[in-house]
Amino acid sequence: MLPEAAPPVVDQTRDDVQLVRAAVQGTVTVDIARCRPDVSNTFDCTQELQRVAEAPSLERVTVPAGYNFAGCQLLRVTTATKNTALPDALGIGFYAADTTSAQLSSDRGRLVPKSEFKSVGDAVLKNGQPAVLHEFVATVNCEVAPGTAAGKQFKPYAEFVGGPPRTLYHNWDPITDNYAVGGQTTQLDRSAEVLQ
């Protein structure tokens, strides 16, 4: 038997999940000795970041052996998800990439399943619909070369499954571009735009 083909993904702009705020905080203290060995002498520190930050990571954190997280700071992100979207959503996913003035890394974002959500309150969206606030974390301002720190571009989506045939739907936050933090930009606050 052949393995089942990955279902197609349909990207849509919806308001099922929206960024409320993002804030760069203190130094990240990830102990690489607690990270899981990965391929090619690298380590997966995603679960360790989640443990120390006490919130799910919105990105895969894979680093080479000996990495010391120089300059890395913790990024806390709060989203608002419509109550009506939560029962059918598989999770909240993110596009996430490190960025410098010269480069943009590959997408390291990940889908956070509902079982890992960290709820941090309830809210009412501008359109009057009730929502739940969730918190996620990532790293930002990590040193990628001497004197060069990486900012972060990111954007959330809610994932749903439909069909037949089985299809995944990514309902993206409705802003046109990605959100960007790092360097001089240490916070984004969209509370007034998103919430009542």
# chains A, B, ... in the order shown; residues from 1 in each chain; ligands from 1

$ closest_atom_pairs --of "segment 100-162 of chain A" --to "segment 21-29 of chain A" --cutoff "12 Å" --atoms "only C-alpha atoms" --output "JSON lines"
{"residue": "A:Leu133", "atom": "CA", "partner": "A:Arg21", "partner_atom": "CA", "distance": 10.3}
{"residue": "A:His134", "atom": "CA", "partner": "A:Arg21", "partner_atom": "CA", "distance": 10.6}
{"residue": "A:Glu135", "atom": "CA", "partner": "A:Ala22", "partner_atom": "CA", "distance": 9.5}
{"residue": "A:Phe136", "atom": "CA", "partner": "A:Ala22", "partner_atom": "CA", "distance": 9.4}
{"residue": "A:Val137", "atom": "CA", "partner": "A:Ala22", "partner_atom": "CA", "distance": 9.2}
{"residue": "A:Ala138", "atom": "CA", "partner": "A:Val24", "partner_atom": "CA", "distance": 9.4}
{"residue": "A:Thr139", "atom": "CA", "partner": "A:Val28", "partner_atom": "CA", "distance": 7.4}
{"residue": "A:Val140", "atom": "CA", "partner": "A:Val24", "partner_atom": "CA", "distance": 7.5}
{"residue": "A:Asn141", "atom": "CA", "partner": "A:Val24", "partner_atom": "CA", "distance": 9.0}
{"residue": "A:Cys142", "atom": "CA", "partner": "A:Val28", "partner_atom": "CA", "distance": 9.4}
{"residue": "A:Gly151", "atom": "CA", "partner": "A:Val24", "partner_atom": "CA", "distance": 10.5}
{"residue": "A:Lys152", "atom": "CA", "partner": "A:Val24", "partner_atom": "CA", "distance": 10.5}
{"residue": "A:Gln153", "atom": "CA", "partner": "A:Ala22", "partner_atom": "CA", "distance": 11.4}
{"residue": "A:Phe154", "atom": "CA", "partner": "A:Ala22", "partner_atom": "CA", "distance": 10.4}
{"residue": "A:Lys155", "atom": "CA", "partner": "A:Ala22", "partner_atom": "CA", "distance": 11.2}
{"residue": "A:Pro156", "atom": "CA", "partner": "A:Arg21", "partner_atom": "CA", "distance": 12.0}

$ write_last_selection --atoms "N, CA and C atoms" --output "PDB file, in the first residue's frame"
ATOM      1  N   LEU A 133      -8.618  34.424  24.632  1.00  0.00           N
ATOM      2  CA  LEU A 133      -7.238  34.867  24.453  1.00  0.00           C
ATOM      3  C   LEU A 133      -6.303  33.705  24.751  1.00  0.00           C
ATOM      4  N   HIS A 134      -5.323  33.480  23.863  1.00  0.00           N
ATOM      5  CA  HIS A 134      -4.325  32.440  24.056  1.00  0.00           C
ATOM      6  C   HIS A 134      -2.934  33.052  23.983  1.00  0.00           C
ATOM      7  N   GLU A 135      -2.001  32.446  24.719  1.00  0.00           N
ATOM      8  CA  GLU A 135      -0.620  32.935  24.728  1.00  0.00           C
ATOM      9  C   GLU A 135       0.310  31.911  24.096  1.00  0.00           C
ATOM     10  N   PHE A 136       1.266  32.424  23.319  1.00  0.00           N
ATOM     11  CA  PHE A 136       2.289  31.615  22.660  1.00  0.00           C
ATOM     12  C   PHE A 136       3.635  32.304  22.850  1.00  0.00           C
ATOM     13  N   VAL A 137       4.723  31.565  22.614  1.00  0.00           N
ATOM     14  CA  VAL A 137       6.050  32.150  22.772  1.00  0.00           C
ATOM     15  C   VAL A 137       6.938  31.816  21.574  1.00  0.00           C
ATOM     16  N   ALA A 138       8.022  32.584  21.453  1.00  0.00           N
ATOM     17  CA  ALA A 138       9.035  32.353  20.421  1.00  0.00           C
ATOM     18  C   ALA A 138      10.320  33.015  20.902  1.00  0.00           C
ATOM     19  N   THR A 139      11.387  32.854  20.132  1.00  0.00           N
ATOM     20  CA  THR A 139      12.628  33.560  20.415  1.00  0.00           C
ATOM     21  C   THR A 139      12.786  34.692  19.411  1.00  0.00           C
ATOM     22  N   VAL A 140      13.475  35.750  19.838  1.00  0.00           N
ATOM     23  CA  VAL A 140      13.728  36.896  18.964  1.00  0.00           C
ATOM     24  C   VAL A 140      15.040  37.537  19.393  1.00  0.00           C
ATOM     25  N   ASN A 141      15.659  38.265  18.482  1.00  0.00           N
ATOM     26  CA  ASN A 141      16.914  38.978  18.717  1.00  0.00           C
ATOM     27  C   ASN A 141      18.100  38.051  18.983  1.00  0.00           C
ATOM     28  N   CYS A 142      18.021  36.808  18.526  1.00  0.00           N
ATOM     29  CA  CYS A 142      19.148  35.884  18.670  1.00  0.00           C
ATOM     30  C   CYS A 142      20.289  36.342  17.762  1.00  0.00           C
ATOM     31  N   GLY A 151      15.490  39.526  13.880  1.00  0.00           N
ATOM     32  CA  GLY A 151      14.130  39.852  14.272  1.00  0.00           C
ATOM     33  C   GLY A 151      13.211  38.689  13.917  1.00  0.00           C
ATOM     34  N   LYS A 152      11.931  38.879  14.093  1.00  0.00           N
ATOM     35  CA  LYS A 152      10.966  37.809  13.825  1.00  0.00           C
ATOM     36  C   LYS A 152       9.797  38.368  13.025  1.00  0.00           C
ATOM     37  N   GLN A 153       9.424  37.658  11.948  1.00  0.00           N
ATOM     38  CA  GLN A 153       8.169  37.905  11.255  1.00  0.00           C
ATOM     39  C   GLN A 153       7.260  36.722  11.551  1.00  0.00           C
ATOM     40  N   PHE A 154       5.991  36.993  11.805  1.00  0.00           N
ATOM     41  CA  PHE A 154       5.070  35.911  12.140  1.00  0.00           C
ATOM     42  C   PHE A 154       3.641  36.327  11.814  1.00  0.00           C
ATOM     43  N   LYS A 155       2.774  35.301  11.742  1.00  0.00           N
ATOM     44  CA  LYS A 155       1.353  35.543  11.479  1.00  0.00           C
ATOM     45  C   LYS A 155       0.584  34.279  11.859  1.00  0.00           C
ATOM     46  N   PRO A 156      -0.526  34.415  12.589  1.00  0.00           N
ATOM     47  CA  PRO A 156      -1.291  33.231  13.001  1.00  0.00           C
ATOM     48  C   PRO A 156      -2.398  32.846  12.017  1.00  0.00           C
TER      49      PRO A 156
END

$ residues_around --residues "Asp16 of chain A" --least-positions-apart "3" --cutoff "6 Å" --atoms "only C-alpha atoms" --output "list in words"
Thr81, Lys82 and Ala85 of chain A

$ write_last_selection --atoms "N, CA and C atoms" --output "tab-separated table (two decimals), in the first residue's frame"
chain	number	residue	atom	x	y	z
A	81	THR	N	-9.16	34.21	19.60
A	81	THR	CA	-9.83	33.24	18.72
A	81	THR	C	-11.32	33.26	19.01
A	82	LYS	N	-12.12	33.39	17.93
A	82	LYS	CA	-13.57	33.42	18.09
A	82	LYS	C	-14.06	32.13	18.76
A	85	ALA	N	-15.24	29.46	16.43
A	85	ALA	CA	-14.23	28.76	15.62
A	85	ALA	C	-13.55	27.65	16.41

$ closest_residue --among "A:Asn68, A:Gly93, A:Gly128, A:Val39" --to "Trp172 of chain A" --atoms "only C-alpha atoms"
A:Gly93

$ closest_residue --among "A:Asp122, A:Glu116, A:Glu193, A:Glu159" --to "Val10 of chain A" --atoms "only C-alpha atoms"
A:Glu159

$ select_by_dssp --residues "segment 49-180 of chain A" --states "alpha helix (DSSP H)" --output "list in words"
Leu49, Gln50, Arg51, Val52 and Ala53 of chain A

$ select_by_dssp --residues "segment 11-191 of chain A" --states "strand (DSSP E)" --output "ChimeraX atom specification"
/A:11-13,17-27,36-37,42-44,62-64,73-82,91-99,111-113,119-124,130-140,142-145,148-162,167-172,179-181,187-189

$ atom_distance --atom1 "atom CA of Thr46 of chain A" --atom2 "atom CA of Val61 of chain A"
4.8 Å

$ atom_distance --atom1 "atom CA of Pro64 of chain A" --atom2 "atom CA of Phe94 of chain A"
22.8 Å

$ atom_distance --atom1 "atom CA of Cys72 of chain A" --atom2 "atom CA of Ala149 of chain A"
8.5 Å

$ closest_residue --among "A:Val63, A:Leu58, A:Val132, A:Ala53" --to "Gly109 of chain A" --atoms "only C-alpha atoms"
A:Leu58
